>>> print(open('query.cif').read())   # mmCIF, C-alpha atoms
data_work
#
loop_
_atom_site.label_atom_id
_atom_site.label_comp_id
_atom_site.auth_asym_id
_atom_site.auth_seq_id
_atom_site.Cartn_x
_atom_site.Cartn_y
_atom_site.Cartn_z
CA MET V 1 -94.90 -198.69 -55.75
CA THR V 2 -95.98 -202.31 -56.12
CA SER V 3 -99.02 -204.53 -55.77
CA VAL V 4 -99.32 -207.85 -53.96
CA LYS V 5 -101.77 -210.74 -54.04
CA ILE V 6 -103.03 -212.01 -50.69
CA LYS V 7 -106.33 -212.46 -48.88
CA ILE V 8 -107.34 -209.02 -47.62
CA THR V 9 -107.83 -208.89 -43.85
CA ASP V 10 -107.69 -206.07 -41.31
CA SER V 11 -104.33 -207.29 -40.00
CA ILE V 12 -102.85 -207.43 -43.51
CA VAL V 13 -104.03 -203.90 -44.24
CA LYS V 14 -102.53 -202.56 -41.00
CA GLN V 15 -99.16 -204.24 -41.56
CA ILE V 16 -98.69 -203.54 -45.26
CA PRO V 17 -95.14 -202.36 -46.16
CA GLU V 18 -94.52 -198.79 -47.29
CA GLU V 19 -93.72 -199.75 -50.88
CA VAL V 20 -97.05 -201.55 -51.49
CA SER V 21 -99.78 -199.42 -53.05
CA ARG V 22 -102.36 -202.09 -53.89
CA ILE V 23 -103.49 -205.44 -52.47
CA ASN V 24 -105.40 -207.78 -54.80
CA ASP V 25 -107.56 -210.29 -52.97
CA THR V 26 -106.84 -213.93 -53.77
CA GLU V 27 -110.29 -215.22 -52.85
CA LEU V 28 -112.67 -212.74 -54.51
CA SER V 29 -111.73 -211.70 -58.02
CA GLY V 30 -111.81 -207.98 -58.67
CA PHE V 31 -111.78 -207.08 -54.96
CA TYR V 32 -108.79 -204.98 -53.94
CA VAL V 33 -107.62 -202.22 -51.66
CA GLN V 34 -105.82 -199.14 -52.96
CA ILE V 35 -103.31 -197.51 -50.61
CA GLY V 36 -102.43 -193.84 -50.92
CA GLU V 37 -99.10 -192.20 -50.31
CA ARG V 38 -98.29 -191.11 -46.80
CA SER V 39 -99.65 -187.65 -46.05
CA PRO V 40 -97.71 -184.90 -44.21
CA ASN V 41 -99.36 -185.96 -40.93
CA GLY V 42 -98.06 -189.52 -41.37
CA THR V 43 -101.28 -191.33 -42.34
CA ARG V 44 -102.12 -193.35 -45.46
CA SER V 45 -105.56 -193.78 -47.00
CA PHE V 46 -106.94 -197.27 -47.62
CA THR V 47 -109.87 -197.58 -50.02
CA TYR V 48 -111.65 -200.81 -50.99
CA TYR V 49 -112.66 -201.24 -54.64
CA LEU V 50 -114.39 -203.73 -56.90
CA TYR V 51 -113.15 -204.03 -60.47
CA TYR V 52 -115.57 -205.53 -62.99
CA ARG V 53 -116.55 -205.56 -66.66
CA ILE V 54 -119.95 -205.11 -68.25
CA GLY V 55 -120.47 -206.77 -71.62
CA GLY V 56 -117.81 -209.48 -71.59
CA ARG V 57 -114.09 -209.17 -72.37
CA SER V 58 -114.59 -206.30 -74.80
CA GLY V 59 -117.07 -204.57 -72.52
CA ILE V 60 -116.77 -201.53 -70.27
CA GLN V 61 -114.36 -201.71 -67.36
CA ARG V 62 -115.45 -200.23 -64.06
CA ARG V 63 -113.71 -199.40 -60.78
CA TYR V 64 -116.34 -199.16 -58.06
CA PRO V 65 -115.24 -197.55 -54.75
CA ILE V 66 -116.71 -199.54 -51.85
CA GLY V 67 -115.44 -197.45 -48.96
CA ASN V 68 -112.57 -196.46 -46.70
CA ALA V 69 -110.89 -198.75 -44.20
CA ASN V 70 -111.49 -196.20 -41.42
CA VAL V 71 -115.22 -196.89 -41.77
CA LEU V 72 -115.43 -200.47 -43.09
CA THR V 73 -113.60 -203.56 -41.87
CA ALA V 74 -112.10 -205.85 -44.48
CA SER V 75 -114.85 -208.39 -43.79
CA GLU V 76 -117.61 -205.80 -44.30
CA ALA V 77 -115.98 -204.58 -47.51
CA ARG V 78 -115.71 -208.16 -48.78
CA LYS V 79 -119.41 -208.78 -48.10
CA GLU V 80 -120.32 -205.60 -49.98
CA ALA V 81 -118.06 -206.58 -52.91
CA THR V 82 -119.72 -210.02 -53.03
CA ARG V 83 -123.16 -208.39 -53.05
CA LEU V 84 -122.13 -206.02 -55.84
CA LYS V 85 -120.68 -208.87 -57.93
CA GLY V 86 -124.04 -210.63 -57.67
CA ARG V 87 -125.78 -207.57 -59.11
CA VAL V 88 -123.19 -207.29 -61.87
CA ALA V 89 -123.68 -210.97 -62.70
CA ILE V 90 -127.31 -210.32 -63.64
CA GLY V 91 -126.32 -207.43 -65.88
CA GLU V 92 -126.54 -204.39 -63.62
CA ASP V 93 -123.89 -201.72 -63.99
CA VAL V 94 -123.67 -200.83 -60.32
CA PHE V 95 -121.39 -197.88 -61.04
CA LEU V 96 -124.08 -196.25 -63.18
CA THR V 97 -126.72 -197.16 -60.62
CA ARG V 98 -124.89 -195.15 -57.97
CA LYS V 99 -124.21 -192.34 -60.42
CA ASP V 100 -127.93 -192.17 -61.21
CA ALA V 101 -128.66 -192.11 -57.48
CA HIS V 102 -126.36 -189.08 -57.13
CA ALA V 103 -128.19 -187.37 -59.98
CA ALA V 104 -131.58 -188.17 -58.44
CA ILE V 105 -130.56 -186.59 -55.18
CA ALA V 106 -129.30 -183.48 -56.97
CA LYS V 107 -132.59 -183.15 -58.80
CA SER V 108 -134.73 -183.71 -55.77
CA LYS V 109 -137.25 -180.91 -55.23
CA THR V 110 -136.69 -181.12 -51.48
CA GLU V 111 -132.98 -180.99 -50.89
CA PRO V 112 -131.97 -183.65 -48.32
CA LYS V 113 -131.13 -182.56 -44.81
CA VAL V 114 -128.87 -183.94 -42.11
CA ALA V 115 -131.80 -185.66 -40.37
CA LEU V 116 -132.34 -187.87 -43.43
CA LEU V 117 -128.68 -188.86 -43.54
CA ALA V 118 -128.72 -189.49 -39.78
CA LYS V 119 -131.70 -191.84 -40.08
CA GLU V 120 -130.05 -193.86 -42.85
CA PHE V 121 -126.78 -193.93 -40.90
CA MET V 122 -128.59 -195.34 -37.85
CA ASP V 123 -130.71 -197.84 -39.82
CA ILE V 124 -128.06 -199.23 -42.15
CA TYR V 125 -124.79 -198.82 -40.28
CA VAL V 126 -125.11 -198.19 -36.54
CA ASN V 127 -127.98 -200.59 -35.78
CA GLN V 128 -126.29 -203.33 -37.81
CA HIS V 129 -122.69 -202.94 -36.68
CA ARG V 130 -122.61 -201.25 -33.27
CA ARG V 131 -123.00 -203.47 -30.25
CA ARG V 132 -124.82 -200.72 -28.35
CA PRO V 133 -126.51 -198.52 -30.96
CA GLU V 134 -128.62 -196.87 -28.26
CA GLU V 135 -125.53 -194.92 -27.16
CA VAL V 136 -125.21 -193.35 -30.62
CA GLN V 137 -128.96 -192.73 -30.71
CA ARG V 138 -128.70 -190.79 -27.44
CA MET V 139 -125.99 -188.61 -28.98
CA MET V 140 -128.20 -188.05 -32.01
CA ASP V 141 -131.18 -187.06 -29.90
CA ALA V 142 -129.25 -184.90 -27.43
CA ASP V 143 -126.75 -183.00 -29.56
CA ILE V 144 -126.73 -183.80 -33.29
CA LEU V 145 -130.33 -183.68 -34.50
CA PRO V 146 -131.39 -180.61 -32.46
CA THR V 147 -128.50 -178.57 -33.91
CA LEU V 148 -127.95 -180.03 -37.39
CA GLY V 149 -131.07 -182.02 -38.22
CA LYS V 150 -132.72 -179.28 -40.31
CA ILE V 151 -129.52 -178.16 -42.07
CA LYS V 152 -129.34 -178.98 -45.79
CA LEU V 153 -126.49 -181.33 -46.64
CA SER V 154 -125.21 -178.88 -49.26
CA GLN V 155 -124.82 -176.23 -46.54
CA LEU V 156 -122.59 -178.30 -44.28
CA ASP V 157 -119.11 -177.01 -43.62
CA ARG V 158 -116.56 -177.47 -40.87
CA ARG V 159 -117.17 -174.19 -39.08
CA LEU V 160 -120.94 -174.66 -39.02
CA VAL V 161 -120.72 -178.16 -37.49
CA ILE V 162 -118.17 -177.10 -34.87
CA SER V 163 -119.99 -173.93 -33.84
CA LYS V 164 -123.51 -175.40 -33.82
CA THR V 165 -122.87 -178.84 -32.36
CA LEU V 166 -119.43 -179.37 -30.85
CA ASP V 167 -118.73 -176.02 -29.16
CA PRO V 168 -122.03 -176.08 -27.17
CA ILE V 169 -121.03 -179.48 -25.75
CA LEU V 170 -117.71 -178.00 -24.66
CA GLU V 171 -119.45 -175.01 -23.11
CA ARG V 172 -121.33 -177.28 -20.72
CA GLY V 173 -118.02 -178.83 -19.67
CA SER V 174 -118.32 -182.17 -21.46
CA LYS V 175 -114.97 -182.50 -23.23
CA VAL V 176 -115.08 -186.28 -23.53
CA GLN V 177 -118.62 -186.15 -24.94
CA ALA V 178 -117.52 -183.54 -27.47
CA ASN V 179 -114.80 -185.90 -28.70
CA LYS V 180 -117.23 -188.80 -28.92
CA THR V 181 -119.67 -186.67 -30.90
CA LEU V 182 -116.86 -185.59 -33.24
CA SER V 183 -116.06 -189.25 -33.89
CA VAL V 184 -119.69 -190.16 -34.63
CA LEU V 185 -120.13 -187.17 -36.94
CA LYS V 186 -117.00 -188.11 -38.90
CA GLN V 187 -118.31 -191.65 -39.33
CA MET V 188 -121.75 -190.41 -40.37
CA PHE V 189 -120.32 -188.03 -42.98
CA ASP V 190 -118.00 -190.76 -44.37
CA PHE V 191 -121.05 -193.01 -44.56
CA GLY V 192 -122.86 -190.20 -46.39
CA ILE V 193 -120.12 -190.06 -49.02
CA GLN V 194 -120.34 -193.79 -49.64
CA ARG V 195 -124.14 -193.70 -49.85
CA GLY V 196 -124.17 -190.78 -52.27
CA TRP V 197 -125.43 -188.07 -49.94
CA LEU V 198 -122.19 -186.07 -49.74
CA ASP V 199 -119.17 -185.38 -51.92
CA ASN V 200 -116.83 -184.65 -49.02
CA ASN V 201 -116.59 -184.91 -45.25
CA PRO V 202 -116.65 -181.44 -43.65
CA LEU V 203 -114.80 -182.74 -40.60
CA THR V 204 -111.92 -184.44 -42.41
CA GLY V 205 -108.72 -183.36 -40.68
CA THR V 206 -110.46 -182.10 -37.55
CA LYS V 207 -108.58 -183.58 -34.59
CA ARG V 208 -109.64 -184.16 -31.03
CA GLN V 209 -106.93 -181.77 -29.85
CA VAL V 210 -108.92 -178.80 -31.17
CA ILE V 211 -112.29 -180.02 -29.86
CA GLY V 212 -112.22 -181.72 -26.47
CA GLY V 213 -108.44 -182.11 -26.31
CA ASN V 214 -106.41 -185.27 -25.86
CA GLU V 215 -107.90 -187.60 -23.27
CA SER V 216 -105.75 -189.19 -20.60
CA SER V 217 -106.72 -192.41 -18.90
CA ARG V 218 -108.25 -191.98 -15.45
CA ASP V 219 -106.25 -193.39 -12.58
CA ARG V 220 -108.59 -192.48 -9.69
CA HIS V 221 -109.05 -195.22 -7.14
CA LEU V 222 -110.25 -195.02 -3.57
CA SER V 223 -108.22 -195.90 -0.50
CA LEU V 224 -109.65 -198.31 2.06
CA THR V 225 -110.32 -195.32 4.34
CA GLU V 226 -112.21 -193.54 1.55
CA VAL V 227 -114.25 -196.66 0.85
CA LYS V 228 -115.27 -196.85 4.49
CA THR V 229 -116.15 -193.14 4.55
CA VAL V 230 -118.24 -193.34 1.38
CA PHE V 231 -120.33 -196.28 2.46
CA GLU V 232 -120.86 -194.87 5.95
CA ARG V 233 -122.17 -191.57 4.58
CA LEU V 234 -124.21 -192.68 1.57
CA PRO V 235 -127.21 -193.89 3.66
CA GLN V 236 -127.06 -190.70 5.79
CA LEU V 237 -127.39 -188.60 2.62
CA GLY V 238 -130.59 -190.35 1.54
CA VAL V 239 -129.03 -192.28 -1.36
CA SER V 240 -131.27 -195.22 -2.27
CA HIS V 241 -130.65 -198.77 -1.09
CA GLN V 242 -130.47 -199.85 -4.74
CA VAL V 243 -127.67 -197.44 -5.64
CA ILE V 244 -125.67 -198.27 -2.51
CA THR V 245 -125.96 -202.02 -3.15
CA ILE V 246 -124.94 -201.61 -6.79
CA LEU V 247 -121.85 -199.65 -5.72
CA LYS V 248 -120.95 -202.34 -3.20
CA LEU V 249 -121.30 -205.08 -5.80
CA ILE V 250 -119.11 -203.17 -8.27
CA LEU V 251 -116.39 -202.89 -5.62
CA LEU V 252 -116.62 -206.51 -4.45
CA THR V 253 -116.78 -208.10 -7.92
CA GLY V 254 -114.95 -205.70 -10.24
CA CYS V 255 -117.94 -205.76 -12.59
CA ARG V 256 -119.03 -202.81 -14.70
CA VAL V 257 -121.97 -200.60 -13.75
CA ASN V 258 -124.12 -201.89 -16.61
CA GLU V 259 -123.43 -205.53 -15.74
CA VAL V 260 -124.65 -205.01 -12.18
CA ALA V 261 -127.53 -202.63 -12.91
CA SER V 262 -129.03 -204.86 -15.63
CA ALA V 263 -128.56 -208.19 -13.78
CA LYS V 264 -131.46 -210.65 -13.78
CA TRP V 265 -132.17 -213.25 -11.11
CA ARG V 266 -131.91 -216.10 -13.61
CA GLU V 267 -128.20 -215.30 -14.02
CA PHE V 268 -127.45 -216.45 -10.45
CA ASP V 269 -126.79 -220.03 -9.40
CA PHE V 270 -126.81 -219.72 -5.62
CA ASP V 271 -126.32 -223.47 -5.05
CA ASN V 272 -123.01 -223.37 -6.92
CA GLN V 273 -122.24 -219.79 -5.90
CA LEU V 274 -121.84 -218.51 -9.45
CA TRP V 275 -123.08 -215.48 -11.37
CA THR V 276 -123.08 -215.90 -15.15
CA ILE V 277 -123.25 -212.53 -16.90
CA PRO V 278 -124.73 -213.07 -20.39
CA LYS V 279 -122.63 -211.98 -23.33
CA GLU V 280 -125.12 -209.30 -24.37
CA ASN V 281 -124.37 -207.44 -21.12
CA VAL V 282 -120.59 -207.82 -21.32
CA LYS V 283 -118.46 -205.07 -22.85
CA ALA V 284 -116.66 -206.44 -25.92
CA LYS V 285 -116.19 -205.79 -29.60
CA LYS V 286 -119.13 -206.84 -31.76
CA GLY V 287 -118.76 -210.51 -32.66
CA LYS V 288 -116.36 -211.27 -29.76
CA GLU V 289 -118.90 -211.27 -26.94
CA LYS V 290 -118.71 -214.08 -24.40
CA GLU V 291 -120.20 -214.86 -21.01
CA HIS V 292 -118.38 -213.70 -17.89
CA TYR V 293 -118.38 -215.79 -14.71
CA VAL V 294 -118.28 -214.23 -11.25
CA PRO V 295 -117.76 -216.51 -8.22
CA LEU V 296 -119.98 -215.58 -5.28
CA ASN V 297 -119.22 -215.68 -1.57
CA ASP V 298 -121.27 -215.23 1.58
CA HIS V 299 -120.80 -211.45 1.58
CA LEU V 300 -122.05 -211.09 -1.99
CA MET V 301 -124.95 -213.47 -1.50
CA ALA V 302 -126.02 -211.53 1.60
CA LEU V 303 -126.18 -208.32 -0.45
CA LEU V 304 -128.21 -210.08 -3.14
CA ASP V 305 -130.53 -211.57 -0.55
CA GLU V 306 -131.18 -208.07 0.86
CA ALA V 307 -132.06 -206.84 -2.64
CA LYS V 308 -134.42 -209.76 -3.21
CA LYS V 309 -136.29 -209.11 0.01
CA ALA V 310 -136.43 -205.35 -0.55
CA TYR V 311 -138.07 -205.57 -3.99
CA ALA V 312 -139.86 -208.92 -3.83
CA TYR V 313 -143.21 -207.12 -3.90
CA LEU V 314 -142.55 -206.12 -7.55
CA ASN V 315 -142.00 -209.74 -8.65
CA SER V 316 -139.43 -208.42 -11.15
CA GLU V 317 -136.94 -210.47 -13.17
CA TYR V 318 -134.35 -207.78 -12.42
CA VAL V 319 -132.21 -207.68 -9.30
CA PHE V 320 -132.44 -203.89 -9.32
CA PRO V 321 -135.81 -203.03 -10.88
CA SER V 322 -136.68 -199.50 -11.90
CA LEU V 323 -138.91 -197.93 -9.28
CA SER V 324 -139.74 -194.70 -11.08
CA CYS V 325 -139.88 -195.36 -14.82
CA THR V 326 -142.38 -193.04 -16.50
CA THR V 327 -143.12 -195.26 -19.51
CA VAL V 328 -143.87 -198.60 -17.85
CA ALA V 329 -144.92 -199.93 -14.47
CA PRO V 330 -142.30 -200.32 -11.70
CA GLY V 331 -140.27 -203.52 -12.02
CA ILE V 332 -140.66 -203.93 -15.79
CA LYS V 333 -137.28 -202.40 -16.57
CA PRO V 334 -133.96 -202.36 -14.66
CA ILE V 335 -132.65 -199.27 -12.94
CA ASP V 336 -131.04 -196.77 -15.31
CA LYS V 337 -127.28 -197.19 -14.90
CA ARG V 338 -126.84 -193.43 -15.36
CA SER V 339 -128.83 -192.80 -12.19
CA VAL V 340 -126.05 -194.52 -10.21
CA ALA V 341 -123.44 -192.05 -11.47
CA ARG V 342 -125.82 -189.14 -10.94
CA ALA V 343 -126.40 -190.13 -7.31
CA VAL V 344 -122.65 -190.15 -6.62
CA LYS V 345 -122.05 -186.85 -8.41
CA ARG V 346 -124.96 -185.16 -6.64
CA HIS V 347 -123.52 -185.91 -3.18
CA ILE V 348 -119.78 -185.87 -3.87
CA GLU V 349 -119.07 -182.77 -1.76
CA GLU V 350 -121.03 -184.14 1.18
CA LEU V 351 -119.19 -187.45 0.97
CA GLY V 352 -115.98 -185.67 1.89
CA VAL V 353 -113.67 -187.51 -0.54
CA GLU V 354 -112.03 -186.56 -3.82
CA PRO V 355 -114.49 -186.82 -6.76
CA PHE V 356 -114.95 -190.32 -8.14
CA THR V 357 -117.28 -192.20 -10.47
CA PRO V 358 -118.82 -195.66 -10.08
CA HIS V 359 -116.30 -196.94 -12.64
CA ASP V 360 -113.48 -195.77 -10.35
CA LEU V 361 -114.68 -198.39 -7.85
CA ARG V 362 -113.77 -201.04 -10.44
CA ARG V 363 -110.27 -199.56 -10.59
CA THR V 364 -110.27 -199.63 -6.78
CA THR V 365 -111.07 -203.35 -6.94
CA ALA V 366 -108.03 -203.96 -9.14
CA THR V 367 -105.79 -201.89 -6.86
CA MET V 368 -106.96 -203.64 -3.70
CA LEU V 369 -106.54 -207.08 -5.24
CA SER V 370 -102.99 -206.20 -6.28
CA GLU V 371 -102.23 -204.95 -2.76
CA LEU V 372 -103.54 -208.28 -1.43
CA GLY V 373 -100.93 -210.06 -3.56
CA VAL V 374 -103.32 -211.49 -6.17
CA ASP V 375 -101.67 -212.67 -9.40
CA PRO V 376 -102.06 -209.95 -12.10
CA ILE V 377 -103.50 -212.51 -14.54
CA VAL V 378 -106.19 -213.41 -11.99
CA VAL V 379 -106.96 -209.70 -11.53
CA GLU V 380 -107.36 -209.33 -15.32
CA LYS V 381 -109.71 -212.32 -15.39
CA ILE V 382 -111.80 -210.86 -12.56
CA LEU V 383 -112.08 -207.58 -14.49
CA ASN V 384 -112.89 -209.56 -17.67
CA HIS V 385 -110.06 -207.91 -19.58
CA GLU V 386 -108.69 -209.57 -22.70
CA LEU V 387 -105.19 -210.94 -22.17
CA MET V 388 -102.66 -209.46 -24.54
CA GLY V 389 -100.13 -210.92 -26.97
CA VAL V 390 -99.10 -214.56 -26.67
CA MET V 391 -101.12 -214.91 -23.45
CA ALA V 392 -104.31 -214.22 -25.38
CA VAL V 393 -103.55 -217.10 -27.75
CA TYR V 394 -102.24 -219.77 -25.42
CA ASN V 395 -103.68 -219.01 -21.98
CA ARG V 396 -107.32 -220.17 -22.01
CA HIS V 397 -107.38 -220.99 -18.29
CA GLN V 398 -110.29 -219.34 -16.45
CA TYR V 399 -108.63 -219.44 -12.97
CA MET V 400 -112.04 -219.82 -11.32
CA ASP V 401 -110.68 -221.21 -8.04
CA LYS V 402 -108.11 -218.42 -7.78
CA ARG V 403 -110.71 -215.82 -8.73
CA LYS V 404 -112.99 -217.03 -5.94
CA GLU V 405 -110.10 -217.02 -3.48
CA ALA V 406 -109.19 -213.46 -4.53
CA LEU V 407 -112.74 -212.14 -4.15
CA ASP V 408 -113.01 -213.86 -0.76
CA LYS V 409 -109.88 -211.98 0.34
CA LEU V 410 -111.30 -208.74 -0.98
CA SER V 411 -114.59 -209.21 0.88
CA ALA V 412 -112.73 -209.99 4.07
CA SER V 413 -110.66 -206.80 3.78
CA VAL V 414 -113.61 -204.48 3.18
CA THR V 415 -116.13 -203.59 5.85
CA PHE V 416 -119.23 -201.54 5.11
#
>>> encode(input="query.cif", output="structure tokens")
Amino acid sequence: MTSVKIKITDSIVKQIPEEVSRINDTELSGFYVQIGERSPNGTRSFTYYLYYRIGGRSGIQRRYPIGNANVLTASEARKEATRLKGRVAIGEDVFLTRKDAHAAIAKSKTEPKVALLAKEFMDIYVNQHRRRPEEVQRMMDADILPTLGKIKLSQLDRRLVISKTLDPILERGSKVQANKTLSVLKQMFDFGIQRGWLDNNPLTGTKRQVIGGNESSRDRHLSLTEVKTVFERLPQLGVSHQVITILKLILLTGCRVNEVASAKWREFDFDNQLWTIPKENVKAKKGKEKEHYVPLNDHLMALLDEAKKAYAYLNSEYVFPSLSCTTVAPGIKPIDKRSVARAVKRHIEELGVEPFTPHDLRRTTATMLSELGVDPIVVEKILNHELMGVMAVYNRHQYMDKRKEALDKLSASVTF
């Protein structure tokens, strides 16, 4: 096994040859990643470290574990190493500091519980690094804290976590949610190891196959006949004007439920027929967010005009203001995007079509555009998908004219 010297990045770590066991960073002295041998299941462990001395050349040598690559990116590990080096520079032995922290926890009169770890995980990691931390908070409030919050960290084991938290999610039929919760719990326990709360992760080695099972991509899309049936019957079933309009806009623009449900009037330039979705509402990896542009046509503007007239009395900044929020007055917040999915699910049998979700309408958009002969690249741009490979590097064209032409065709082919 050999070591190499190169700037440590996520791509370098992922592509490292089999014979390399250590990468020494060329830009930050003492910062390196140690790579373990391949395990029976084919994976290798990647752990970031900081090497330093206390007391000059003849002083004590330390090897401080920063964290695993499955939890930290190379950039995050580098920032932590830089912070640690600053503390070492003023004479602090950070290794002993953490060791003392472990000892303090062990001696604590009130042994720490999962709720304390969960709070620190949310405050320090999730809220800082997740683009939508509220999704993790919902999982905490719904499934993790009620079942594990009062459990002492020393009592955690695999069987307890699975039986108390994950199996009940499966029992209510939420396989995908069980897998998501498994992922969050693994991250939280890894975080707990790095912060000195835990010595091991009770869920290490637990695979999705034995919890919610392997997930296959959905391919449900609606036919033109189904689309016509759905939008004919929705008003007859008492589904709200807001929900119906949101569903129509998803179909006619290819936008995501959240992008439509949280839209504000200031995002629309009706003179230039353009909707600019702000980057904070666009689905993307943290740090890679960018605005998404949606060309408007007469059909879309008519739907928006209906919404404006219907809820003008609220004087809300939102296109689809909440009408029944219990915490604030009507119009202060946007409609809850989950209520759109609930409305569809509640009436799916009466609609007389195979079950579908609001997101399936977005897939229907892509299918219809393809059937209309629209260039696949234009379809990807409409859906705001990242282009792959060489196209992602060299093709920066936004295809706005072609996107408008495509959405015009789509509107002309769909009748509500």
>>> resolve_selection(input="query.cif", expression="the PyMOL selection byres ((chain V and resi 239-245) around 7)", output="VMD selection string")
chain V and resid 234 to 235 237 to 238 246 to 249 303 320 340 343
>>> closest_residue(input="query.cif", among="V:Arg362, V:Lys150, V:Arg138, V:Lys264", to="Lys308 (chain V)", atoms="all atoms listed in the file")
V:Lys264
>>> atom_distance(input="query.cif", atom1="CA of Arg159 (chain V)", atom2="CA of Pro202 (chain V)")
8.6 Å
>>> resolve_selection(input="query.cif", expression="the PyMOL selection byres ((chain V and resi 88) around 12)", output="PyMOL selection string")
chain V and resi 30+50-56+61-62+64+81-87+89-97
>>> closest_residue(input="query.cif", among="V:Leu296, V:Ala329, V:Gln209, V:Asp219", to="Thr357 (chain V)", atoms="only C-alpha atoms")
V:Asp219
>>> residues_around(input="query.cif", residues="Cys255 (chain V)", least_positions_apart="6", cutoff="12 Å", atoms="only C-alpha atoms", output="PyMOL selection string")
chain V and resi 246-249+261-263+275-277+281-283+292-295+358-366+379-385+407
>>> write_last_selection(input="query.cif", atoms="C-alpha atoms", output="short mmCIF file (atom, residue, chain, number, x, y, z; two decimals), in the frame of the given file")
data_model
loop_
_atom_site.label_atom_id
_atom_site.label_comp_id
_atom_site.auth_asym_id
_atom_site.auth_seq_id
_atom_site.Cartn_x
_atom_site.Cartn_y
_atom_site.Cartn_z
CA ILE V 246 -124.94 -201.61 -6.79
CA LEU V 247 -121.85 -199.65 -5.72
CA LYS V 248 -120.95 -202.34 -3.20
CA LEU V 249 -121.30 -205.08 -5.80
CA ALA V 261 -127.53 -202.63 -12.91
CA SER V 262 -129.03 -204.86 -15.63
CA ALA V 263 -128.56 -208.19 -13.78
CA TRP V 275 -123.08 -215.48 -11.37
CA THR V 276 -123.08 -215.90 -15.15
CA ILE V 277 -123.25 -212.53 -16.90
CA ASN V 281 -124.37 -207.44 -21.12
CA VAL V 282 -120.59 -207.82 -21.32
CA LYS V 283 -118.46 -205.07 -22.85
CA HIS V 292 -118.38 -213.70 -17.89
CA TYR V 293 -118.38 -215.79 -14.71
CA VAL V 294 -118.28 -214.23 -11.25
CA PRO V 295 -117.76 -216.51 -8.22
CA PRO V 358 -118.82 -195.66 -10.08
CA HIS V 359 -116.30 -196.94 -12.64
CA ASP V 360 -113.48 -195.77 -10.35
CA LEU V 361 -114.68 -198.39 -7.85
CA ARG V 362 -113.77 -201.04 -10.44
CA ARG V 363 -110.27 -199.56 -10.59
CA THR V 364 -110.27 -199.63 -6.78
CA THR V 365 -111.07 -203.35 -6.94
CA ALA V 366 -108.03 -203.96 -9.14
CA VAL V 379 -106.96 -209.70 -11.53
CA GLU V 380 -107.36 -209.33 -15.32
CA LYS V 381 -109.71 -212.32 -15.39
CA ILE V 382 -111.80 -210.86 -12.56
CA LEU V 383 -112.08 -207.58 -14.49
CA ASN V 384 -112.89 -209.56 -17.67
CA HIS V 385 -110.06 -207.91 -19.58
CA LEU V 407 -112.74 -212.14 -4.15
#
>>> atom_distance(input="query.cif", atom1="CA of Pro334 (chain V)", atom2="CA of Asp305 (chain V)")
17.2 Å
>>> closest_residue(input="query.cif", among="V:Gln15, V:Asn258, V:Thr326, V:Thr204", to="Arg338 (chain V)", atoms="all atoms listed in the file")
V:Asn258
